[in-house]
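Novice: Contents of model25.pdb (PDB, C-alpha atoms) are given next:
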```
ATOM      1  CA  MET A   1      12.756  22.399 -13.048
ATOM      2  CA  THR A   2      12.030  22.622  -9.325
ATOM      3  CA  ALA A   3      13.091  19.638  -7.248
ATOM      4  CA  GLN A   4      10.167  17.443  -6.243
ATOM      5  CA  ARG A   5       9.501  15.227  -3.218
ATOM      6  CA  ILE A   6       8.709  11.745  -4.546
ATOM      7  CA  VAL A   7       7.492   8.671  -2.707
ATOM      8  CA  ILE A   8       7.802   5.360  -4.536
ATOM      9  CA  ILE A   9       5.371   2.676  -3.391
ATOM     10  CA  GLN A  10       6.456  -0.822  -4.392
ATOM     11  CA  GLY A  11       3.345  -2.976  -4.413
ATOM     12  CA  HIS A  12       4.824  -6.344  -5.373
ATOM     13  CA  PRO A  13       3.798  -8.803  -2.647
ATOM     14  CA  ASP A  14       7.052 -10.803  -2.773
ATOM     15  CA  ALA A  15       9.392  -9.394  -0.112
ATOM     16  CA  VAL A  16      12.172 -11.903  -0.856
ATOM     17  CA  THR A  17      12.775 -12.170  -4.609
ATOM     18  CA  ARG A  18      13.560  -9.225  -6.888
ATOM     19  CA  HIS A  19      11.276  -8.827  -9.899
ATOM     20  CA  LEU A  20      11.086  -6.566 -12.943
ATOM     21  CA  GLY A  21       9.110  -4.020 -10.935
ATOM     22  CA  HIS A  22      12.015  -3.657  -8.525
ATOM     23  CA  ALA A  23      14.453  -2.949 -11.383
ATOM     24  CA  LEU A  24      12.010  -0.376 -12.779
ATOM     25  CA  GLU A  25      11.661   1.195  -9.325
ATOM     26  CA  ASP A  26      15.446   1.434  -9.016
ATOM     27  CA  ALA A  27      15.753   3.051 -12.451
ATOM     28  CA  TYR A  28      13.049   5.611 -11.652
ATOM     29  CA  ALA A  29      14.695   6.460  -8.318
ATOM     30  CA  GLN A  30      18.156   6.763  -9.896
ATOM     31  CA  GLY A  31      16.845   9.131 -12.555
ATOM     32  CA  ALA A  32      14.989  11.201  -9.970
ATOM     33  CA  GLN A  33      17.921  11.465  -7.563
ATOM     34  CA  ALA A  34      20.371  12.311 -10.354
ATOM     35  CA  ALA A  35      18.066  15.205 -11.319
ATOM     36  CA  GLY A  36      18.011  16.506  -7.737
ATOM     37  CA  HIS A  37      14.631  15.197  -6.572
ATOM     38  CA  GLU A  38      14.173  13.791  -3.064
ATOM     39  CA  VAL A  39      13.018  10.157  -3.052
ATOM     40  CA  ARG A  40      11.556   7.961  -0.328
ATOM     41  CA  HIS A  41      10.580   4.308  -0.731
ATOM     42  CA  VAL A  42       7.724   2.254   0.713
ATOM     43  CA  SER A  43       7.888  -1.519   0.214
ATOM     44  CA  VAL A  44       4.392  -2.763   0.999
ATOM     45  CA  ALA A  45       5.445  -6.430   1.196
ATOM     46  CA  GLN A  46       7.768  -5.635   4.109
ATOM     47  CA  LEU A  47       5.052  -4.004   6.213
ATOM     48  CA  ASP A  48       3.067  -5.975   8.778
ATOM     49  CA  PHE A  49      -0.532  -4.803   8.973
ATOM     50  CA  PRO A  50      -4.003  -6.367   9.165
ATOM     51  CA  LEU A  51      -6.659  -6.097   6.497
ATOM     52  CA  LEU A  52      -9.625  -3.890   7.269
ATOM     53  CA  ARG A  53     -12.757  -5.916   7.903
ATOM     54  CA  SER A  54     -15.449  -3.310   8.581
ATOM     55  CA  GLN A  55     -16.464   0.245   7.772
ATOM     56  CA  GLN A  56     -16.374   1.007  11.497
ATOM     57  CA  ALA A  57     -12.728  -0.105  11.733
ATOM     58  CA  TRP A  58     -11.868   2.131   8.764
ATOM     59  CA  GLU A  59     -13.742   5.191  10.048
ATOM     60  CA  ALA A  60     -13.007   4.970  13.783
ATOM     61  CA  GLY A  61     -10.079   2.569  14.137
ATOM     62  CA  THR A  62      -6.479   3.611  14.430
ATOM     63  CA  LEU A  63      -3.842   3.331  11.750
ATOM     64  CA  PRO A  64      -1.625   0.270  12.356
ATOM     65  CA  PRO A  65       1.732   1.499  13.761
ATOM     66  CA  ALA A  66       3.673  -0.169  10.921
ATOM     67  CA  LEU A  67       1.903   2.109   8.424
ATOM     68  CA  ALA A  68       2.505   5.437  10.192
ATOM     69  CA  PRO A  69       5.850   6.078   8.408
ATOM     70  CA  ALA A  70       4.296   5.236   5.019
ATOM     71  CA  GLN A  71       1.379   7.578   5.644
ATOM     72  CA  ALA A  72       3.838  10.298   6.691
ATOM     73  CA  ASP A  73       5.810   9.743   3.465
ATOM     74  CA  ILE A  74       2.618  10.132   1.416
ATOM     75  CA  ALA A  75       1.807  13.367   3.272
ATOM     76  CA  TRP A  76       5.369  14.614   2.598
ATOM     77  CA  ALA A  77       5.348  13.743  -1.126
ATOM     78  CA  GLN A  78       4.384  15.939  -4.039
ATOM     79  CA  HIS A  79       4.444  13.016  -6.485
ATOM     80  CA  LEU A  80       3.620   9.338  -5.874
ATOM     81  CA  VAL A  81       4.762   6.438  -8.041
ATOM     82  CA  LEU A  82       3.086   3.060  -7.572
ATOM     83  CA  PHE A  83       4.674  -0.095  -8.990
ATOM     84  CA  PHE A  84       2.805  -3.400  -9.083
ATOM     85  CA  PRO A  85       2.274  -6.515 -11.189
ATOM     86  CA  LEU A  86      -1.188  -7.240 -12.550
ATOM     87  CA  TRP A  87      -2.529 -10.270 -10.660
ATOM     88  CA  LEU A  88      -5.849 -11.800 -11.702
ATOM     89  CA  GLY A  89      -6.635  -8.585 -13.555
ATOM     90  CA  ASP A  90      -6.003  -6.269 -10.605
ATOM     91  CA  MET A  91      -3.424  -4.999  -8.134
ATOM     92  CA  PRO A  92      -2.180  -7.583  -5.613
ATOM     93  CA  ALA A  93      -4.353  -7.849  -2.492
ATOM     94  CA  VAL A  94      -1.599  -6.615  -0.168
ATOM     95  CA  LEU A  95      -1.372  -3.329  -2.095
ATOM     96  CA  LYS A  96      -5.152  -2.871  -2.008
ATOM     97  CA  GLY A  97      -5.107  -3.587   1.728
ATOM     98  CA  PHE A  98      -2.323  -1.036   2.203
ATOM     99  CA  LEU A  99      -4.217   1.669   0.296
ATOM    100  CA  GLU A 100      -7.401   0.964   2.277
ATOM    101  CA  GLN A 101      -5.492   1.355   5.538
ATOM    102  CA  VAL A 102      -3.591   4.552   4.723
ATOM    103  CA  ALA A 103      -6.450   6.349   2.921
ATOM    104  CA  ARG A 104      -8.439   6.929   6.089
ATOM    105  CA  PRO A 105     -10.827   9.720   7.065
ATOM    106  CA  GLY A 106      -8.936  12.615   8.608
ATOM    107  CA  PHE A 107      -5.927  11.965   6.383
ATOM    108  CA  ALA A 108      -7.038  11.195   2.832
ATOM    109  CA  PHE A 109     -10.158  13.349   3.128
ATOM    110  CA  LYS A 110     -11.962  15.411   5.719
ATOM    111  CA  ALA A 111     -15.565  16.184   6.534
ATOM    112  CA  GLU A 112     -17.300  19.471   5.875
ATOM    113  CA  GLY A 113     -20.879  19.937   6.993
ATOM    114  CA  ASP A 114     -22.863  16.770   6.310
ATOM    115  CA  ASN A 115     -20.402  15.457   3.717
ATOM    116  CA  PRO A 116     -17.738  13.238   5.344
ATOM    117  CA  TYR A 117     -15.667  13.221   2.116
ATOM    118  CA  ALA A 118     -15.926  16.910   1.181
ATOM    119  CA  ILE A 119     -12.281  17.927   1.474
ATOM    120  CA  LYS A 120      -9.782  15.855  -0.497
ATOM    121  CA  GLY A 121      -6.800  15.509   1.814
ATOM    122  CA  LEU A 122      -4.160  14.688  -0.808
ATOM    123  CA  LYS A 123      -4.953  17.459  -3.277
ATOM    124  CA  GLY A 124      -1.966  19.049  -4.970
ATOM    125  CA  ARG A 125      -0.155  15.755  -5.559
ATOM    126  CA  SER A 126       0.357  13.941  -8.843
ATOM    127  CA  ALA A 127       0.982  10.241  -9.440
ATOM    128  CA  ARG A 128       2.218   7.649 -11.888
ATOM    129  CA  VAL A 129       1.050   4.045 -11.875
ATOM    130  CA  VAL A 130       3.521   1.531 -13.351
ATOM    131  CA  VAL A 131       1.972  -1.881 -14.021
ATOM    132  CA  THR A 132       3.702  -5.002 -15.325
ATOM    133  CA  MET A 133       1.695  -7.863 -16.837
ATOM    134  CA  GLY A 134       1.963 -11.075 -18.807
ATOM    135  CA  MET A 135      -0.574 -10.118 -21.479
ATOM    136  CA  PRO A 136       0.117  -7.511 -24.153
ATOM    137  CA  ALA A 137      -0.395  -4.019 -22.723
ATOM    138  CA  LEU A 138      -2.468  -3.014 -25.758
ATOM    139  CA  LEU A 139      -4.839  -5.909 -25.139
ATOM    140  CA  TYR A 140      -5.231  -4.857 -21.519
ATOM    141  CA  ARG A 141      -5.710  -1.199 -22.453
ATOM    142  CA  TRP A 142      -8.131  -1.623 -25.366
ATOM    143  CA  TYR A 143      -9.968  -4.909 -24.859
ATOM    144  CA  PHE A 144     -10.109  -4.905 -21.059
ATOM    145  CA  ARG A 145     -10.112  -1.086 -21.008
ATOM    146  CA  ALA A 146      -7.411  -1.134 -18.279
ATOM    147  CA  HIS A 147     -10.360  -1.502 -15.889
ATOM    148  CA  SER A 148      -8.421  -2.083 -12.655
ATOM    149  CA  VAL A 149      -5.907   0.710 -13.321
ATOM    150  CA  LYS A 150      -8.758   3.077 -14.203
ATOM    151  CA  SER A 151     -10.526   2.044 -10.988
ATOM    152  CA  LEU A 152      -7.376   2.782  -8.973
ATOM    153  CA  GLU A 153      -6.989   6.152 -10.673
ATOM    154  CA  ARG A 154     -10.627   7.173 -10.254
ATOM    155  CA  ASN A 155     -11.850   5.456  -7.080
ATOM    156  CA  ILE A 156      -8.743   5.695  -4.899
ATOM    157  CA  LEU A 157      -6.207   8.253  -6.151
ATOM    158  CA  GLY A 158      -8.704  10.667  -7.688
ATOM    159  CA  PHE A 159     -11.105  10.268  -4.754
ATOM    160  CA  VAL A 160      -8.501  11.658  -2.350
ATOM    161  CA  GLY A 161      -7.486  14.491  -4.694
ATOM    162  CA  ILE A 162      -4.392  13.112  -6.461
ATOM    163  CA  SER A 163      -4.301  14.512 -10.001
ATOM    164  CA  PRO A 164      -3.078  14.162 -12.650
ATOM    165  CA  VAL A 165      -2.436  10.421 -12.630
ATOM    166  CA  ASN A 166      -0.413   8.989 -15.510
ATOM    167  CA  GLU A 167       0.208   5.341 -16.250
ATOM    168  CA  THR A 168       2.903   3.149 -17.707
ATOM    169  CA  LEU A 169       1.655  -0.297 -18.746
ATOM    170  CA  ILE A 170       4.333  -2.881 -19.559
ATOM    171  CA  GLY A 171       3.072  -6.073 -21.155
ATOM    172  CA  MET A 172       4.519  -9.447 -22.166
ATOM    173  CA  VAL A 173       7.083  -9.195 -19.359
ATOM    174  CA  ASP A 174       8.170 -12.839 -19.722
ATOM    175  CA  LYS A 175       9.219 -12.150 -23.303
ATOM    176  CA  LEU A 176      11.009  -8.809 -22.851
ATOM    177  CA  GLY A 177      14.535 -10.210 -22.808
ATOM    178  CA  ASP A 178      17.546  -8.140 -21.792
ATOM    179  CA  ALA A 179      17.008  -5.557 -24.531
ATOM    180  CA  GLY A 180      13.369  -5.040 -23.547
ATOM    181  CA  VAL A 181      14.233  -4.684 -19.877
ATOM    182  CA  GLN A 182      16.961  -2.185 -20.786
ATOM    183  CA  LYS A 183      14.492  -0.178 -22.896
ATOM    184  CA  TRP A 184      11.959   0.033 -20.074
ATOM    185  CA  THR A 185      14.483   0.824 -17.345
ATOM    186  CA  GLU A 186      15.786   3.676 -19.494
ATOM    187  CA  LYS A 187      12.228   4.991 -19.969
ATOM    188  CA  LEU A 188      11.637   4.854 -16.209
ATOM    189  CA  ARG A 189      14.964   6.578 -15.543
ATOM    190  CA  LYS A 190      13.860   9.469 -17.798
ATOM    191  CA  LEU A 191      10.445   9.651 -16.109
ATOM    192  CA  GLY A 192      12.202   9.799 -12.750
ATOM    193  CA  ALA A 193      14.458  12.622 -13.898
ATOM    194  CA  ALA A 194      11.365  14.563 -15.002
ATOM    195  CA  ALA A 195       9.468  13.621 -11.794
ATOM    196  CA  GLN A 196       6.593  12.376 -13.947
TER
END
```
Output the file's structure as structure tokens, nothing else.

Specialist:
Amino acid sequence: MTAQRIVIIQGHPDAVTRHLGHALEDAYAQGAQAAGHEVRHVSVAQLDFPLLRSQQAWEAGTLPPALAPAQADIAWAQHLVLFFPLWLGDMPAVLKGFLEQVARPGFAFKAEGDNPYAIKGLKGRSARVVVTMGMPALLYRWYFRAHSVKSLERNILGFVGISPVNETLIGMVDKLGDAGVQKWTEKLRKLGAAAQ
């Protein structure tokens, strides 16, 4: 298998305490690096940036300087892996704010003719979304139809050309225990080795 360039985006909003998502991120990165892939990390909670407050700021404003390296890492990557906990049924606000800032016109898509979104700027990249949650993953997937993850896949990642997007949903995280954590870290290590 050809070595891939992978950027891992850690979307947990807690920049101080380590959580399950951080252990999963580490396992994925270890598997990827052991298999010869190049890995870069973006920790959204450690970045200082404002939230966008208008369409004009998004279309004509400048990217906050703190996000320039992250945007460059996304441009460099062939595969993106996003880790985040499900909060109130969705990704944490800081991750959404980050994605809104970096997915700007001129980078995430470009105009052609009268269509400002005609050319998908991140085409040719794949992604995996790894989501931890308190509820059972099957309940989230089948009853709630994984609505927020599907929205992320369709309205953000797919909109800018990232495809395919795969997902790993990990439920009942408070009840995993050491054996459950070990099982999931091993799964993520294998996904990292395969750059999937």

Novice: Compile the contact shell of Leu86 (chain A) as a count of residues only: residues with an atom at most 12 Å away, counting all atoms listed in the file, same-chain residues fewer than 6 positions apart removed.

Specialist: 26

Novice: Selected by the PyMOL selection byres ((chain A and resi 43) around 12) in the shown coordinates: which residues, as a ChimeraX atom specification?

Specialist: /A:7-16,18,21-22,25,40-42,44-48,66-67,69-70,73,81-84,94-95,98

Novice: What is the CA of Leu63 (chain A) to CA of Lys150 (chain A) distance in Å?

Specialist: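 Taking CA of Leu63 (chain A) as the start and CA of Lys150 (chain A) as the end point, the length is 26.4 Å.
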
Novice: Which residues are near Gln196 (chain A)? Cut-off 7 Å, all atoms listed in the file, ignore same chain within fewer than 3 positions. Put them as a list in words.

Specialist: Arg128, Leu191 and Gly192 of chain A

Novice: Quick one, how far is CA of Arg125 (chain A) from CA of Gln78 (chain A)?

Specialist: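 Separation between CA of Arg125 (chain A) and CA of Gln78 (chain A): 4.8 Å.
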
Novice: Could you tell me how far CA of Leu24 (chain A) lies from CA of Leu188 (chain A), in Å and to one decimal?

Specialist: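 Separation of CA of Leu24 (chain A) and CA of Leu188 (chain A): 6.3 Å.
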
Novice: Nearest to Leu52 (chain A): which of A:Gly97, A:Pro85, A:Ala23, A:Ala29 is it, counting all atoms listed in the file?

Specialist: A:Gly97

Novice: Taking the file as I've supplied it (selection: the PyMOL selection byres ((chain A and resi 163) around 8)), which residues are included? Please answer as a ChimeraX atom specification.

Specialist: /A:123-127,157-158,161-162,164-165

Novice: Carefully work through the PyMOL selection byres ((chain A and resi 105) around 8) for this structure and note down the residues it includes, as an mmCIF file with C-alpha atoms, keeping the file's coordinate frame.

Specialist:
```
data_model
loop_
_atom_site.group_PDB
_atom_site.id
_atom_site.type_symbol
_atom_site.label_atom_id
_atom_site.label_comp_id
_atom_site.auth_asym_id
_atom_site.auth_seq_id
_atom_site.Cartn_x
_atom_site.Cartn_y
_atom_site.Cartn_z
ATOM 1 C CA TRP A 58 -11.868 2.131 8.764
ATOM 2 C CA GLU A 59 -13.742 5.191 10.048
ATOM 3 C CA ALA A 103 -6.450 6.349 2.921
ATOM 4 C CA ARG A 104 -8.439 6.929 6.089
ATOM 5 C CA GLY A 106 -8.936 12.615 8.608
ATOM 6 C CA PHE A 107 -5.927 11.965 6.383
ATOM 7 C CA ALA A 108 -7.038 11.195 2.832
ATOM 8 C CA PHE A 109 -10.158 13.349 3.128
ATOM 9 C CA LYS A 110 -11.962 15.411 5.719
ATOM 10 C CA PRO A 116 -17.738 13.238 5.344
ATOM 11 C CA TYR A 117 -15.667 13.221 2.116
#
```

Novice: Could you pull the residues within 9 Å of Ala193 (chain A), counting all atoms listed in the file, minus those fewer than 4 positions along the same chain, as a list in words?

Specialist: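 So the residues in contact are Tyr28, Ala29, Gln30, Gly31, Ala32, Gln33, Ala34, Ala35, Gly36, His37, Leu188 and Arg189 of chain A.
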
Novice: Any chance you could work out the axis-aligned box around region 168-180 of chain A, listed atoms only, 3 Å on each side, giving centre and edge lengths in Å to one decimal, as lines of an AutoDock Vina configuration file?

Specialist:
```
center_x = 9.6
center_y = -4.8
center_z = -21.1
size_x = 21.9
size_y = 22.0
size_z = 12.8
```

Novice: Compare A:Asp26, A:Glu38, A:Glu167, A:Asp178 by their minimum atom-to-atom distance to Thr2 (chain A), counting only C-alpha atoms, and give me the closest one.

Specialist: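 Distance minimum relative to Thr2 (chain A) lands on A:Glu38.
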
Novice: Have a look at A:Lys190, A:Lys183, A:Arg145, A:Arg5 and name the one nearest to His79 (chain A); count only C-alpha atoms.

Specialist: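 Smallest distance to His79 (chain A) is found for A:Arg5.
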
Novice: Of the candidates A:Met91, A:Ala27, A:Leu51, A:Ala75, which shows the shortest atom-to-atom distance to Ser151 (chain A), using all atoms listed in the file?

Specialist: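 When distances to Ser151 (chain A) are compared using all atoms listed in the file, the smallest one comes from A:Met91.
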
Novice: Pick from A:Gly89, A:Arg154, A:Leu99, A:Ala195: nearest to Arg141 (chain A), with all atoms listed in the file counted?

Specialist: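 Of A:Gly89, A:Arg154, A:Leu99, A:Ala195, the one nearest Arg141 (chain A) is A:Gly89, counting all atoms listed in the file.
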
Novice: Of the residues A:Gln71, A:Gln101, A:Thr17, A:Asn155, which is the one nearest to Gln55 (chain A), using all atoms listed in the file?

Specialist: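 Closest to Gln55 (chain A) of all the choices is A:Gln101.
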
Novice: Would you mind completing region 42-68 of chain A so that it carries N, CA and C atoms, and writing it out as a PDB file, in the coordinates of the input?

Specialist:
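Saved to out-v3.pdb:
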```
ATOM      1  N   VAL A  42       8.589   3.070  -0.132  1.00  0.00           N
ATOM      2  CA  VAL A  42       7.724   2.254   0.713  1.00  0.00           C
ATOM      3  C   VAL A  42       7.605   0.893   0.032  1.00  0.00           C
ATOM      4  N   SER A  43       8.027  -0.158   0.731  1.00  0.00           N
ATOM      5  CA  SER A  43       7.888  -1.519   0.214  1.00  0.00           C
ATOM      6  C   SER A  43       6.750  -2.193   0.971  1.00  0.00           C
ATOM      7  N   VAL A  44       5.599  -2.277   0.332  1.00  0.00           N
ATOM      8  CA  VAL A  44       4.392  -2.763   0.999  1.00  0.00           C
ATOM      9  C   VAL A  44       4.564  -4.184   1.522  1.00  0.00           C
ATOM     10  N   ALA A  45       5.276  -5.029   0.787  1.00  0.00           N
ATOM     11  CA  ALA A  45       5.445  -6.430   1.196  1.00  0.00           C
ATOM     12  C   ALA A  45       6.224  -6.569   2.500  1.00  0.00           C
ATOM     13  N   GLN A  46       6.974  -5.558   2.878  1.00  0.00           N
ATOM     14  CA  GLN A  46       7.768  -5.635   4.109  1.00  0.00           C
ATOM     15  C   GLN A  46       7.033  -5.075   5.325  1.00  0.00           C
ATOM     16  N   LEU A  47       5.823  -4.591   5.124  1.00  0.00           N
ATOM     17  CA  LEU A  47       5.052  -4.004   6.213  1.00  0.00           C
ATOM     18  C   LEU A  47       4.084  -5.036   6.791  1.00  0.00           C
ATOM     19  N   ASP A  48       3.958  -5.031   8.099  1.00  0.00           N
ATOM     20  CA  ASP A  48       3.067  -5.975   8.778  1.00  0.00           C
ATOM     21  C   ASP A  48       1.830  -5.219   9.246  1.00  0.00           C
ATOM     22  N   PHE A  49       0.710  -5.490   8.598  1.00  0.00           N
ATOM     23  CA  PHE A  49      -0.532  -4.803   8.973  1.00  0.00           C
ATOM     24  C   PHE A  49      -1.717  -5.717   8.673  1.00  0.00           C
ATOM     25  N   PRO A  50      -2.810  -5.553   9.413  1.00  0.00           N
ATOM     26  CA  PRO A  50      -4.003  -6.367   9.165  1.00  0.00           C
ATOM     27  C   PRO A  50      -4.849  -5.770   8.042  1.00  0.00           C
ATOM     28  N   LEU A  51      -5.686  -6.597   7.461  1.00  0.00           N
ATOM     29  CA  LEU A  51      -6.659  -6.097   6.497  1.00  0.00           C
ATOM     30  C   LEU A  51      -7.829  -5.483   7.252  1.00  0.00           C
ATOM     31  N   LEU A  52      -8.416  -4.462   6.683  1.00  0.00           N
ATOM     32  CA  LEU A  52      -9.625  -3.890   7.269  1.00  0.00           C
ATOM     33  C   LEU A  52     -10.791  -4.839   7.032  1.00  0.00           C
ATOM     34  N   ARG A  53     -11.645  -4.975   8.019  1.00  0.00           N
ATOM     35  CA  ARG A  53     -12.757  -5.916   7.903  1.00  0.00           C
ATOM     36  C   ARG A  53     -14.127  -5.278   8.132  1.00  0.00           C
ATOM     37  N   SER A  54     -14.155  -3.968   8.400  1.00  0.00           N
ATOM     38  CA  SER A  54     -15.449  -3.310   8.581  1.00  0.00           C
ATOM     39  C   SER A  54     -15.320  -1.817   8.311  1.00  0.00           C
ATOM     40  N   GLN A  55     -16.436  -1.209   7.974  1.00  0.00           N
ATOM     41  CA  GLN A  55     -16.464   0.245   7.772  1.00  0.00           C
ATOM     42  C   GLN A  55     -16.138   0.958   9.079  1.00  0.00           C
ATOM     43  N   GLN A  56     -16.618   0.402  10.192  1.00  0.00           N
ATOM     44  CA  GLN A  56     -16.374   1.007  11.497  1.00  0.00           C
ATOM     45  C   GLN A  56     -14.879   1.035  11.811  1.00  0.00           C
ATOM     46  N   ALA A  57     -14.173  -0.052  11.481  1.00  0.00           N
ATOM     47  CA  ALA A  57     -12.728  -0.105  11.733  1.00  0.00           C
ATOM     48  C   ALA A  57     -11.998   0.933  10.888  1.00  0.00           C
ATOM     49  N   TRP A  58     -12.484   1.158   9.670  1.00  0.00           N
ATOM     50  CA  TRP A  58     -11.868   2.131   8.764  1.00  0.00           C
ATOM     51  C   TRP A  58     -12.128   3.558   9.243  1.00  0.00           C
ATOM     52  N   GLU A  59     -13.370   3.828   9.654  1.00  0.00           N
ATOM     53  CA  GLU A  59     -13.742   5.191  10.048  1.00  0.00           C
ATOM     54  C   GLU A  59     -13.230   5.567  11.441  1.00  0.00           C
ATOM     55  N   ALA A  60     -13.302   4.628  12.391  1.00  0.00           N
ATOM     56  CA  ALA A  60     -13.007   4.970  13.783  1.00  0.00           C
ATOM     57  C   ALA A  60     -11.777   4.273  14.347  1.00  0.00           C
ATOM     58  N   GLY A  61     -11.256   3.280  13.647  1.00  0.00           N
ATOM     59  CA  GLY A  61     -10.079   2.569  14.137  1.00  0.00           C
ATOM     60  C   GLY A  61      -8.820   3.394  13.965  1.00  0.00           C
ATOM     61  N   THR A  62      -7.743   2.897  14.538  1.00  0.00           N
ATOM     62  CA  THR A  62      -6.479   3.611  14.430  1.00  0.00           C
ATOM     63  C   THR A  62      -5.611   2.990  13.346  1.00  0.00           C
ATOM     64  N   LEU A  63      -4.777   3.800  12.757  1.00  0.00           N
ATOM     65  CA  LEU A  63      -3.842   3.331  11.750  1.00  0.00           C
ATOM     66  C   LEU A  63      -2.858   2.356  12.400  1.00  0.00           C
ATOM     67  N   PRO A  64      -2.624   1.177  11.801  1.00  0.00           N
ATOM     68  CA  PRO A  64      -1.625   0.270  12.356  1.00  0.00           C
ATOM     69  C   PRO A  64      -0.269   0.963  12.450  1.00  0.00           C
ATOM     70  N   PRO A  65       0.450   0.794  13.568  1.00  0.00           N
ATOM     71  CA  PRO A  65       1.732   1.499  13.761  1.00  0.00           C
ATOM     72  C   PRO A  65       2.726   1.292  12.615  1.00  0.00           C
ATOM     73  N   ALA A  66       2.721   0.107  12.006  1.00  0.00           N
ATOM     74  CA  ALA A  66       3.673  -0.169  10.921  1.00  0.00           C
ATOM     75  C   ALA A  66       3.436   0.717   9.707  1.00  0.00           C
ATOM     76  N   LEU A  67       2.237   1.291   9.585  1.00  0.00           N
ATOM     77  CA  LEU A  67       1.903   2.109   8.424  1.00  0.00           C
ATOM     78  C   LEU A  67       2.071   3.605   8.663  1.00  0.00           C
ATOM     79  N   ALA A  68       2.352   4.003   9.894  1.00  0.00           N
ATOM     80  CA  ALA A  68       2.505   5.437  10.192  1.00  0.00           C
ATOM     81  C   ALA A  68       3.630   6.082   9.369  1.00  0.00           C
TER      82      ALA A  68
END
```
